[in-house]
Amino acid sequence: MKILMVSAEAVPFAKTGGLADAVSALAITLTNMGHDVKIVMPRYYKIDRNKLKLLDGPMGIPVGGGEAWTAVYEASMPQEEKLKVYFIDHEQAFGRDGVYGTPSETDFHDNPFRFSILCHGAFQLSRKLGWIPDIIHCHDWSASPALVFLKHIYRYQEFNKTGGVLTIHNLGYQGQYSKESFASFGIDWGLYYGAGFEHHGGINLLQAGISSADMITTVSPTYAREIQTAEGGFGLDGLLRVRSDVVRGILNGVDLRSWDPATDKRLPKNYSFKTIKDKAVNKKALQEKMGLEVNPDIPVFGIVTRLADQKGIAELFAPTYGCMYNMCSNLKIQVAVLGSGEAWCENEIRTLESKLPNFKAYIGYDENLSHLIEAGSDFFIMPSRYEPCGLNQIYSLLYGTLPIVRKTGGLADTVENYNEQTGEGTGFMFDQLTPDAIYNTVGWATYAYYNKKDHILKMQKTGMAKTFTWDASAKQYLDTYNEAIFRGCGK
Ligand code: ADP
Ligand code: GLC
């Protein structure tokens, strides 16, 4: 199959979250299965042009009232020569810091214009390459307009055999802008209502994508159900229920080339479940690196996260609840945090660090440290308010680091709760997102650490033996692609 992925992010070129991991890993897996896959994304300012190959000639893209002239660059995915990534270069749209925004303007007001360039660009690129895909696979709100363009414009042209698939990685981000910005798409105003853009008098890009996609997927089976409920639907549950016959939940996999403790090049010492004792070397390295007391007997609780409300940061860090402060003061534990995001939370974490010797944090983004925290911690805390899939709890399972999670979305689909009688399970779960629930579950895990060593080891080994490869997920995507072509193009 010829598959074009349209995405604002893909590792290693641009990443703000798990979306970037998922897009590249799926594309690599499909390529290895023999499919002809390409990725198209913006050439952000930070992506060095000197490392890319410039394609001949400019590329014109229809935008409101005219045409934007862009350049197109090409690169191969590292270690995957066959998978080509195309970068659309347009100074006004992408010649600035930030993927969606910056700390001072968190959501660029001209995002409809910027991502219209990406979405129309996907079709123009296909034409330029003389390569019409069987599937256009769009990820999240920023790529959603491409599904509208496919259904209402390009399918009447040479894309008449192309199916359109939308993957929702996070329903909490929908791309909502003013009505005026609809003009940047350069499409008929009839489509403002007709293609599902209209939302409370403005525009909603994800809503338009959901309305126009031939098939819709999200990144875990539980999340596929949750988004169709008032509680998890972020206002789009009604529309998703209308479209429920085309909604599928496909769990993300893990790219084992980066995330396998037996081969992970970023670790001081590799280990597998047969050599799990060597995990202690990583624990020591982590304690040293973070400035925690080096002591193999104290359990380390790791956290790696975007500091965003979705992740339960209010319940965990807000001083009103004192959850983290109480945990670190009352329990004989250590906590190592890596994260960046909301300013209040970054400040609060710094305050906690100044008060608690057993709480250490690194505010920022650090790929190496994220691997060391996964390998060196005994437990991993992930109390998400909602979690479409979640990658870190899966990394934790594979690294013998027991996840402590709220039972929601992909967390519910990947972690099995500890059974105190038998020692079965792979982690610790709670239902309600409250500071008390987090505190009590961390306390429960701490008790097991000190008193049920055999259970802890059994759970670590159970988790490490799980497989979360992309192969099984990629097969489900292929079924979805076939169904999209059938539904969209009637064959
Ligand atoms: P989300 O995409 O909602 O942020 P996921 O769990 O799916 O959540 O993916 C998060 C990804 O981003 C993981 O690969 C995680 O290791 C990484 N990550 C998040 N914050 C940081 C950080 N501060 N430094 C390094 N990696 C981070
Ligand atoms: C989103 C979700 C996360 C998911 C990731 C990749 O960022 O928040 O749960 O794992 O996308 O699909």
# chains A, B, ... in the order shown; residues from 1 in each chain; ligands from 1

$ select_by_dssp --residues "stretch 5-55 of chain A" --states "strand (DSSP E)" --output "list in words"
Met5, Val6, Asp36, Val37, Lys38, Ile39, Val40, Met41, Pro42, Lys53 and Leu54 of chain A

$ residues_near_ligand --ligand "ligand 1" --cutoff "6 Å" --atoms "only C-alpha atoms and all ligand atoms" --output "list in words"
Gly17, Gly18, Leu19, Val304, Thr305, Arg306, Leu338, Gly339, Ser340, Gly364, Tyr365, Asp366, Glu367, Ser370, Gly390, Leu391 and Asn392 of chain A

$ atom_distance --atom1 "atom CA of A:Glu91" --atom2 "atom CA of A:Ile153"
26.1 Å

$ residues_near_ligand --ligand "ligand 2" --cutoff "10 Å" --atoms "only C-alpha atoms and all ligand atoms" --output "count of residues only"
41

$ residues_around --residues "stretch 345-348 of chain A" --least-positions-apart "5" --cutoff "9 Å" --atoms "only C-alpha atoms" --output "VMD selection string"
chain A and resid 307 to 308 313 to 314 317 to 319 339 to 340 353 363

$ write_last_selection --atoms "C-alpha atoms" --output "PDB file, in the first residue's frame"
ATOM      1  CA  LEU A 307       3.451  19.271  33.163  1.00  0.00           C
ATOM      2  CA  ALA A 308      -0.090  19.627  31.834  1.00  0.00           C
ATOM      3  CA  ILE A 313      -0.325  17.541  38.033  1.00  0.00           C
ATOM      4  CA  ALA A 314      -2.767  19.592  40.132  1.00  0.00           C
ATOM      5  CA  PHE A 317       1.851  18.968  43.001  1.00  0.00           C
ATOM      6  CA  ALA A 318      -0.605  21.746  43.941  1.00  0.00           C
ATOM      7  CA  PRO A 319       0.212  23.111  47.408  1.00  0.00           C
ATOM      8  CA  GLY A 339       9.172  17.458  33.231  1.00  0.00           C
ATOM      9  CA  SER A 340       8.359  20.812  31.775  1.00  0.00           C
ATOM     10  CA  GLU A 353      12.902  20.524  45.981  1.00  0.00           C
ATOM     11  CA  ILE A 363      12.827  20.977  34.809  1.00  0.00           C
TER      12      ILE A 363
END

$ closest_residue --among "A:Val337, A:Ala437, A:Ala8, A:Ile404" --to "A:Gly98" --atoms "only C-alpha atoms"
A:Ala8

$ closest_atom_pairs --of "stretch 58-170 of chain A" --to "stretch 190-202 of chain A" --cutoff "10 Å" --atoms "only C-alpha atoms" --output "JSON lines"
{"residue": "A:Pro145", "atom": "CA", "partner": "A:Phe197", "partner_atom": "CA", "distance": 9.2}
{"residue": "A:Leu147", "atom": "CA", "partner": "A:Ala195", "partner_atom": "CA", "distance": 9.8}
{"residue": "A:Val148", "atom": "CA", "partner": "A:Ala195", "partner_atom": "CA", "distance": 6.6}
{"residue": "A:Phe149", "atom": "CA", "partner": "A:Ala195", "partner_atom": "CA", "distance": 9.4}
{"residue": "A:Lys151", "atom": "CA", "partner": "A:Ala195", "partner_atom": "CA", "distance": 9.0}
{"residue": "A:His152", "atom": "CA", "partner": "A:Ala195", "partner_atom": "CA", "distance": 8.1}

$ write_last_selection --atoms "N, CA, C and O atoms" --output "PDB file, in the first residue's frame"
ATOM      1  N   PRO A 145      -7.527  19.140   8.714  1.00  0.00           N
ATOM      2  CA  PRO A 145      -8.083  19.760   7.503  1.00  0.00           C
ATOM      3  C   PRO A 145      -7.808  18.942   6.240  1.00  0.00           C
ATOM      4  O   PRO A 145      -8.588  18.991   5.278  1.00  0.00           O
ATOM      5  N   LEU A 147      -8.268  15.933   5.745  1.00  0.00           N
ATOM      6  CA  LEU A 147      -9.366  14.995   5.512  1.00  0.00           C
ATOM      7  C   LEU A 147     -10.564  15.696   4.880  1.00  0.00           C
ATOM      8  O   LEU A 147     -11.282  15.121   4.062  1.00  0.00           O
ATOM      9  N   VAL A 148     -10.749  16.961   5.252  1.00  0.00           N
ATOM     10  CA  VAL A 148     -11.794  17.761   4.610  1.00  0.00           C
ATOM     11  C   VAL A 148     -11.425  17.995   3.149  1.00  0.00           C
ATOM     12  O   VAL A 148     -12.251  17.821   2.246  1.00  0.00           O
ATOM     13  N   PHE A 149     -10.174  18.387   2.936  1.00  0.00           N
ATOM     14  CA  PHE A 149      -9.741  18.669   1.562  1.00  0.00           C
ATOM     15  C   PHE A 149      -9.871  17.410   0.700  1.00  0.00           C
ATOM     16  O   PHE A 149     -10.269  17.480  -0.466  1.00  0.00           O
ATOM     17  N   LYS A 151     -11.963  14.796   1.118  1.00  0.00           N
ATOM     18  CA  LYS A 151     -13.358  14.415   0.869  1.00  0.00           C
ATOM     19  C   LYS A 151     -14.074  15.402  -0.061  1.00  0.00           C
ATOM     20  O   LYS A 151     -14.867  15.003  -0.902  1.00  0.00           O
ATOM     21  N   HIS A 152     -13.787  16.691   0.105  1.00  0.00           N
ATOM     22  CA  HIS A 152     -14.586  17.683  -0.602  1.00  0.00           C
ATOM     23  C   HIS A 152     -13.910  18.278  -1.838  1.00  0.00           C
ATOM     24  O   HIS A 152     -14.549  18.960  -2.619  1.00  0.00           O
TER      25      HIS A 152
END

$ closest_residue --among "A:Ala361, A:Leu398, A:Ala445, A:Met459" --to "A:Ile381" --atoms "only C-alpha atoms"
A:Ala445

$ closest_atom_pairs --of "stretch 307-374 of chain A" --to "stretch 104-126 of chain A" --cutoff "12 Å" --atoms "only C-alpha atoms" --output "tab-separated table"
residue	atom	partner	partner_atom	distance
A:Gly341	CA	A:Thr106	CA	10.6
A:Glu342	CA	A:Thr106	CA	10.5
A:Ala343	CA	A:Ser104	CA	11.0

$ closest_residue --among "A:Asn160, A:Thr469, A:Ser76, A:Thr441" --to "A:Pro383" --atoms "only C-alpha atoms"
A:Thr441

$ closest_residue --among "A:Met324, A:Ile456, A:Ala224, A:Leu166" --to "A:Asp413" --atoms "only C-alpha atoms"
A:Ala224

$ residues_around --residues "A:Phe428" --least-positions-apart "3" --cutoff "9 Å" --atoms "only C-alpha atoms" --output "list in words"
Leu402, Pro403, Ile404, Val405, Arg406, Val415, Glu416, Asn417, Tyr418, Gly425, Thr441, Val442, Trp444 and Ala445 of chain A

$ closest_residue --among "A:Tyr321, A:Pro299, A:Ile373, A:Lys284" --to "A:Arg266" --atoms "only C-alpha atoms"
A:Ile373

$ select_by_dssp --residues "stretch 301-379 of chain A" --states "helix (DSSP H, G or I)" --output "PyMOL selection string"
chain A and resi 309-311+313-317+323-330+343-355+367-376

$ residues_around --residues "A:Gln174" --least-positions-apart "2" --cutoff "7 Å" --atoms "only C-alpha atoms" --output "ChimeraX atom specification"
/A:141,171-172,176,204-206

$ write_last_selection --atoms "C-alpha atoms" --output "PDB file, in the first residue's frame"
ATOM      1  CA  TRP A 141      -6.194  18.340  14.924  1.00  0.00           C
ATOM      2  CA  LEU A 171      -9.138  14.693  22.156  1.00  0.00           C
ATOM      3  CA  GLY A 172      -8.253  17.449  24.614  1.00  0.00           C
ATOM      4  CA  GLN A 176     -10.246  25.983  17.927  1.00  0.00           C
ATOM      5  CA  ASN A 204     -12.814  23.446  15.283  1.00  0.00           C
ATOM      6  CA  LEU A 205     -10.297  21.586  13.136  1.00  0.00           C
ATOM      7  CA  LEU A 206     -10.546  18.216  14.860  1.00  0.00           C
TER       8      LEU A 206
END
